[in-house]
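S.K.: Could you have a look at this structure, given as structure tokens, before my questions?
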Amino acid sequence: MSRDRERGRDPERQSDSSPRRRGPNPPARPDGGTESGSTWGARWAVARRELRSLRSEKTIVLALAIQLFIAAFSSFLVVGLVSLYDPGSVDGYQTEVAVTGDDTETLLSVANQRDGVTAQRYDDRTAAYEAFEAGAVSAVLDANRNDEGRLSVTVTAPEEGLQTTLLVVQLRDTLENVERVERQQNAESGRLEQSPVPVPSQIQASPYAGFTYTILLPLLCFLPVFISGSIVVDSLIEERQRGTLELLRVAPLSLADVIDAKLLAIAVLAPLQAIAWLFLLTANGTSIAGPAALVVLVAALSLLVVAVGVAIALWAPDRRQAQLLYSVATVGALVVATILPEHPANTVAKFSIGNPTATTWALLAGYCLLAVGAFVALRRWIDRLEPDSL
């Protein structure tokens with residue numbers, strides 16, 4: 001009789017109870033099926049754990065708070081930000097400038113036609129600069145014509161401050177119009193070898209609409225997507241470094257199940273944020289024509305970016321290298337987006353104003369297919385990945 005028999009142990013039963021290496025797939029039931037019910041419950045538990053951990057990330061909470069502030073106070077911010085590059089759009093904005101020199105007619109004529117600028121001629125250059133020092137005028141424009149007939153304008157403005165920024169932008173537009181008038185006069189007098197390209201008349205359009213739909217909305221839609229990708233990279237790298245990724249692989253979960261739970265929990269954050277931002281923008285008076293299409297677009301891009309982040313986190317050995325690769329991939333994607341028939345920011349703008357074209361819808365479908373393809377490819381790669389190699 002063997003030594004095991006003498007001790008009262010059954011070798012076959014001992015072999016069955018010995019530790020086994022965890023495989024990549026969930027355990028099978030005696031009837032040949034898998035424990036699907038408990039798998040979904042365990043996945044939800046991992047997803048809840050992932051979402052709860054985000055509350056301790058101060059950087060993420062701060063980023064969400066900033067986006068919330070932008071969306072909640074969009075009307076106020078739009079007026080303030082638009083005024084930085086188009087001061088004339090702000091009602092009541094008016095600045096007085098002194099014009100002096102030996103040829104001031106063109107400059108005076110153009111400046112007084114601009115909204116927000118009042119030009120006053122000073123025959124005495126010294127008096128003009130004294131008015132500037134006393135604060136009676138905001139700037140001095142010294143216009144002189146040289147021997148070749150070219151008009152030269154020297155601008156004297158305050159050194160620094162918000163007022164200087166607004167003033168410089170306003171004067172830049174004024175001088176660009178002066179240059180246009182000068183070229184047209186030179187073309188009519190035959191001084192130019194070639195006639196300048198005719199410039200269409202200016203149209204009256206609200207600068208707030210352009211800023212809102214081409215800058216503010218794309219920012220609120222795309223920023224959560226890139227943040228979600230960064231979150232999943234940090235999360236998986238941290239799990240690998242602490243060794244807790246192996247602990248999460250308890251029955252009936254496999255490595256692919258754990259990754260799925262983390263990926264979907266983080267990928268859903270971006271469309272949820274987009275819904276909140278769109279609701280706040282609407283409450284602030286910003287009309288959104290196609291909110292459903294925008295949410296679908298954000299969801300597709302979020303799934304795509306998070307899938308790329310997961311692949312990088314599983315391949316890179318440490319956090320620094322993973323975040324570097326993720327940043328390079330993000331910048332590369334932005335560069336590639338410039339060669340598309342329509343930039344993603346333009347896609348957001350067209351859906352927002354209710355003017356999508358066939359190309360816009362085709363790109364939306366392409367983003368959705370690309371996101372699903374990336375998820376399927378990632379899942380197949382994880383199924384072939386050896387968990388013990390992580």
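Chain labels run A, B, ... following the order of the structure tokens; each chain numbers its residues from 1, and ligands are numbered from 1 in the order shown.
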Name the residues in contact with Thr106 in chain A at a cut-off of 10 Å, using only C-alpha atoms, excluding same-chain residues fewer than 3 positions from it; report them as a ChimeraX atom specification.
M.R.: /A:103,109-111,143,151,177-179,181-182
S.K.: So that I can check the secondary structure, give me every residue of range 202-337 of chain A assigned alpha helix (DSSP H) by backbone DSSP, as number ranges by chain.
M.R.: A: 207-211, 217-242, 244-248, 255-267, 269-283, 291-315, 319-337
S.K.: If we count only C-alpha atoms, what is near range 361-369 of chain A at a cut-off of 8 Å, once residues fewer than 3 positions away on the same chain are taken out, given as a count of residues only?
M.R.: 9
S.K.: Quick one: residues within 8 Å of range 304-319 of chain A, only C-alpha atoms counted, chain neighbours fewer than 5 positions away excluded, as a ChimeraX atom specification?
M.R.: /A:225-226,228-230,232-234,236-238,241,259,263,266-267,325-326,370-372,374-375,378,390
S.K.: Keeping N, CA, C and O atoms for every residue in the selection just given, could you write it to a file as a short mmCIF file (atom, residue, chain, number, x, y, z; two decimals), in the first residue's frame?
M.R.:
data_model
loop_
_atom_site.label_atom_id
_atom_site.label_comp_id
_atom_site.auth_asym_id
_atom_site.auth_seq_id
_atom_site.Cartn_x
_atom_site.Cartn_y
_atom_site.Cartn_z
N VAL A 225 -12.98 62.73 -24.44
CA VAL A 225 -12.50 61.53 -25.13
C VAL A 225 -11.02 61.30 -24.83
O VAL A 225 -10.60 60.19 -24.47
N PHE A 226 -10.21 62.34 -24.95
CA PHE A 226 -8.78 62.20 -24.71
C PHE A 226 -8.49 61.94 -23.23
O PHE A 226 -7.56 61.21 -22.89
N SER A 228 -10.46 60.26 -21.21
CA SER A 228 -10.81 58.86 -20.97
C SER A 228 -9.68 57.93 -21.38
O SER A 228 -9.37 56.96 -20.68
N GLY A 229 -9.07 58.22 -22.52
CA GLY A 229 -7.93 57.40 -22.94
C GLY A 229 -6.78 57.46 -21.96
O GLY A 229 -6.15 56.45 -21.64
N SER A 230 -6.49 58.65 -21.44
CA SER A 230 -5.42 58.80 -20.46
C SER A 230 -5.77 58.08 -19.16
O SER A 230 -4.89 57.49 -18.51
N VAL A 232 -7.61 55.32 -18.76
CA VAL A 232 -7.48 53.87 -18.87
C VAL A 232 -6.01 53.45 -18.93
O VAL A 232 -5.64 52.39 -18.43
N VAL A 233 -5.16 54.28 -19.51
CA VAL A 233 -3.73 53.98 -19.52
C VAL A 233 -3.19 53.96 -18.10
O VAL A 233 -2.51 53.00 -17.68
N ASP A 234 -3.49 54.99 -17.33
CA ASP A 234 -3.02 55.05 -15.95
C ASP A 234 -3.58 53.92 -15.11
O ASP A 234 -2.88 53.33 -14.27
N LEU A 236 -4.67 50.82 -15.96
CA LEU A 236 -4.10 49.49 -16.24
C LEU A 236 -2.63 49.41 -15.83
O LEU A 236 -2.18 48.38 -15.32
N ILE A 237 -1.89 50.49 -16.07
CA ILE A 237 -0.48 50.47 -15.66
C ILE A 237 -0.38 50.34 -14.14
O ILE A 237 0.46 49.60 -13.61
N GLU A 238 -1.25 51.03 -13.43
CA GLU A 238 -1.23 50.95 -11.96
C GLU A 238 -1.60 49.54 -11.49
O GLU A 238 -1.01 49.01 -10.55
N GLN A 241 1.47 47.35 -12.05
CA GLN A 241 2.58 47.60 -11.14
C GLN A 241 2.27 47.13 -9.73
O GLN A 241 3.16 46.67 -9.01
N ILE A 259 -10.56 43.35 -18.65
CA ILE A 259 -10.26 44.46 -19.54
C ILE A 259 -11.53 45.04 -20.12
O ILE A 259 -11.69 46.27 -20.24
N LEU A 263 -12.61 48.86 -19.77
CA LEU A 263 -12.71 49.63 -21.00
C LEU A 263 -14.08 50.26 -21.15
O LEU A 263 -14.21 51.47 -21.42
N ILE A 266 -14.92 53.12 -18.61
CA ILE A 266 -14.26 54.40 -18.87
C ILE A 266 -14.74 54.99 -20.19
O ILE A 266 -14.90 56.21 -20.32
N ALA A 267 -14.98 54.14 -21.20
CA ALA A 267 -15.42 54.65 -22.50
C ALA A 267 -16.79 55.31 -22.43
O ALA A 267 -17.08 56.23 -23.20
N LEU A 325 3.65 57.20 -25.29
CA LEU A 325 3.12 56.57 -26.50
C LEU A 325 1.68 57.04 -26.75
O LEU A 325 1.29 57.27 -27.90
N TYR A 326 0.91 57.17 -25.68
CA TYR A 326 -0.48 57.64 -25.85
C TYR A 326 -0.50 59.07 -26.38
O TYR A 326 -1.31 59.40 -27.25
N LEU A 370 -14.86 52.04 -37.32
CA LEU A 370 -13.47 51.98 -36.87
C LEU A 370 -13.40 51.66 -35.38
O LEU A 370 -12.54 50.90 -34.93
N ALA A 371 -14.31 52.23 -34.60
CA ALA A 371 -14.32 51.97 -33.15
C ALA A 371 -14.67 50.51 -32.86
O ALA A 371 -14.01 49.86 -32.04
N VAL A 372 -15.69 49.99 -33.53
CA VAL A 372 -16.06 48.59 -33.33
C VAL A 372 -14.94 47.67 -33.78
O VAL A 372 -14.61 46.68 -33.11
N ALA A 374 -11.73 48.35 -33.82
CA ALA A 374 -10.65 48.43 -32.85
C ALA A 374 -10.96 47.60 -31.61
O ALA A 374 -10.08 46.92 -31.05
N PHE A 375 -12.22 47.63 -31.16
CA PHE A 375 -12.61 46.84 -29.99
C PHE A 375 -12.50 45.35 -30.27
O PHE A 375 -11.98 44.59 -29.43
N LEU A 378 -8.85 44.34 -30.45
CA LEU A 378 -8.25 44.32 -29.12
C LEU A 378 -8.68 43.08 -28.36
O LEU A 378 -7.85 42.44 -27.69
N LEU A 390 2.06 39.62 -18.16
CA LEU A 390 1.83 41.00 -17.75
C LEU A 390 2.47 41.30 -16.40
O LEU A 390 2.58 40.42 -15.55
#
S.K.: Using only C-alpha atoms, which residues sit within 10 Å of Gly101 in chain A once same-chain residues fewer than 5 positions away are excluded, as a list in words?
M.R.: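 After dropping sequence-adjacent residues, the list is Arg121, Tyr122, Asp123, Asp124, Arg125, Leu141, Asp142, Ala143, Asn144, Arg145, Ser152, Val153 and Thr154 of chain A.
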S.K.: Might you pull out every residue within 9 Å of Tyr129 in chain A, with only C-alpha atoms counted and same-chain residues fewer than 2 positions away left off, and present them as an MDAnalysis selection string?
M.R.: chainID A and resid 98 125:127 131:134 137 139:140 156
S.K.: Write the residues of the selection above to a file with N, CA, C and O atoms, as a compact mmCIF listing (two decimals), in the first residue's frame.
M.R.:
# COMPACT_ATOMS: atom_id res chain seq x y z
N ALA A 98 -5.24 108.88 -31.84
CA ALA A 98 -4.78 110.12 -32.48
C ALA A 98 -4.06 109.77 -33.76
O ALA A 98 -3.24 108.84 -33.79
N ARG A 125 2.40 116.79 -34.07
CA ARG A 125 2.79 115.46 -33.60
C ARG A 125 3.06 115.47 -32.09
O ARG A 125 2.71 114.51 -31.38
N THR A 126 3.66 116.54 -31.60
CA THR A 126 3.96 116.63 -30.17
C THR A 126 2.68 116.64 -29.35
O THR A 126 2.58 115.98 -28.30
N ALA A 127 1.68 117.36 -29.82
CA ALA A 127 0.40 117.41 -29.11
C ALA A 127 -0.27 116.03 -29.08
O ALA A 127 -0.92 115.66 -28.09
N ALA A 131 -1.22 113.99 -25.65
CA ALA A 131 -2.56 113.47 -25.38
C ALA A 131 -2.49 111.98 -25.02
O ALA A 131 -3.26 111.50 -24.17
N PHE A 132 -1.58 111.27 -25.65
CA PHE A 132 -1.40 109.85 -25.33
C PHE A 132 -0.86 109.67 -23.92
O PHE A 132 -1.34 108.81 -23.16
N GLU A 133 0.12 110.49 -23.53
CA GLU A 133 0.68 110.39 -22.19
C GLU A 133 -0.35 110.77 -21.13
O GLU A 133 -0.36 110.22 -20.02
N ALA A 134 -1.23 111.70 -21.47
CA ALA A 134 -2.25 112.12 -20.52
C ALA A 134 -3.43 111.17 -20.46
O ALA A 134 -4.31 111.32 -19.61
N VAL A 137 -6.07 109.81 -25.41
CA VAL A 137 -6.21 108.88 -26.53
C VAL A 137 -5.50 107.57 -26.15
O VAL A 137 -4.56 107.57 -25.34
N ALA A 139 -3.97 105.45 -28.36
CA ALA A 139 -2.81 105.16 -29.20
C ALA A 139 -2.58 106.33 -30.14
O ALA A 139 -3.47 107.16 -30.37
N VAL A 140 -1.38 106.37 -30.71
CA VAL A 140 -1.02 107.38 -31.69
C VAL A 140 -0.60 106.67 -32.96
O VAL A 140 0.27 105.77 -32.93
N THR A 156 1.96 103.80 -31.74
CA THR A 156 2.42 103.88 -30.36
C THR A 156 1.25 103.51 -29.46
O THR A 156 0.20 104.15 -29.48
S.K.: Find the residues around Asn112 in chain A up to 12 Å (only C-alpha atoms counted), leave out those fewer than 5 positions away in its own chain, and share them as a list in words.
M.R.: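 Contacts, in chain order: Gln94, Thr95, Glu96, Val97, Ala98, Val99, Thr104, Glu105, Thr106, Leu107, Val117, Thr118, Ala119, Gln120, Arg121, Leu171, Thr174, Leu175, Asn177 and Val178 of chain A.
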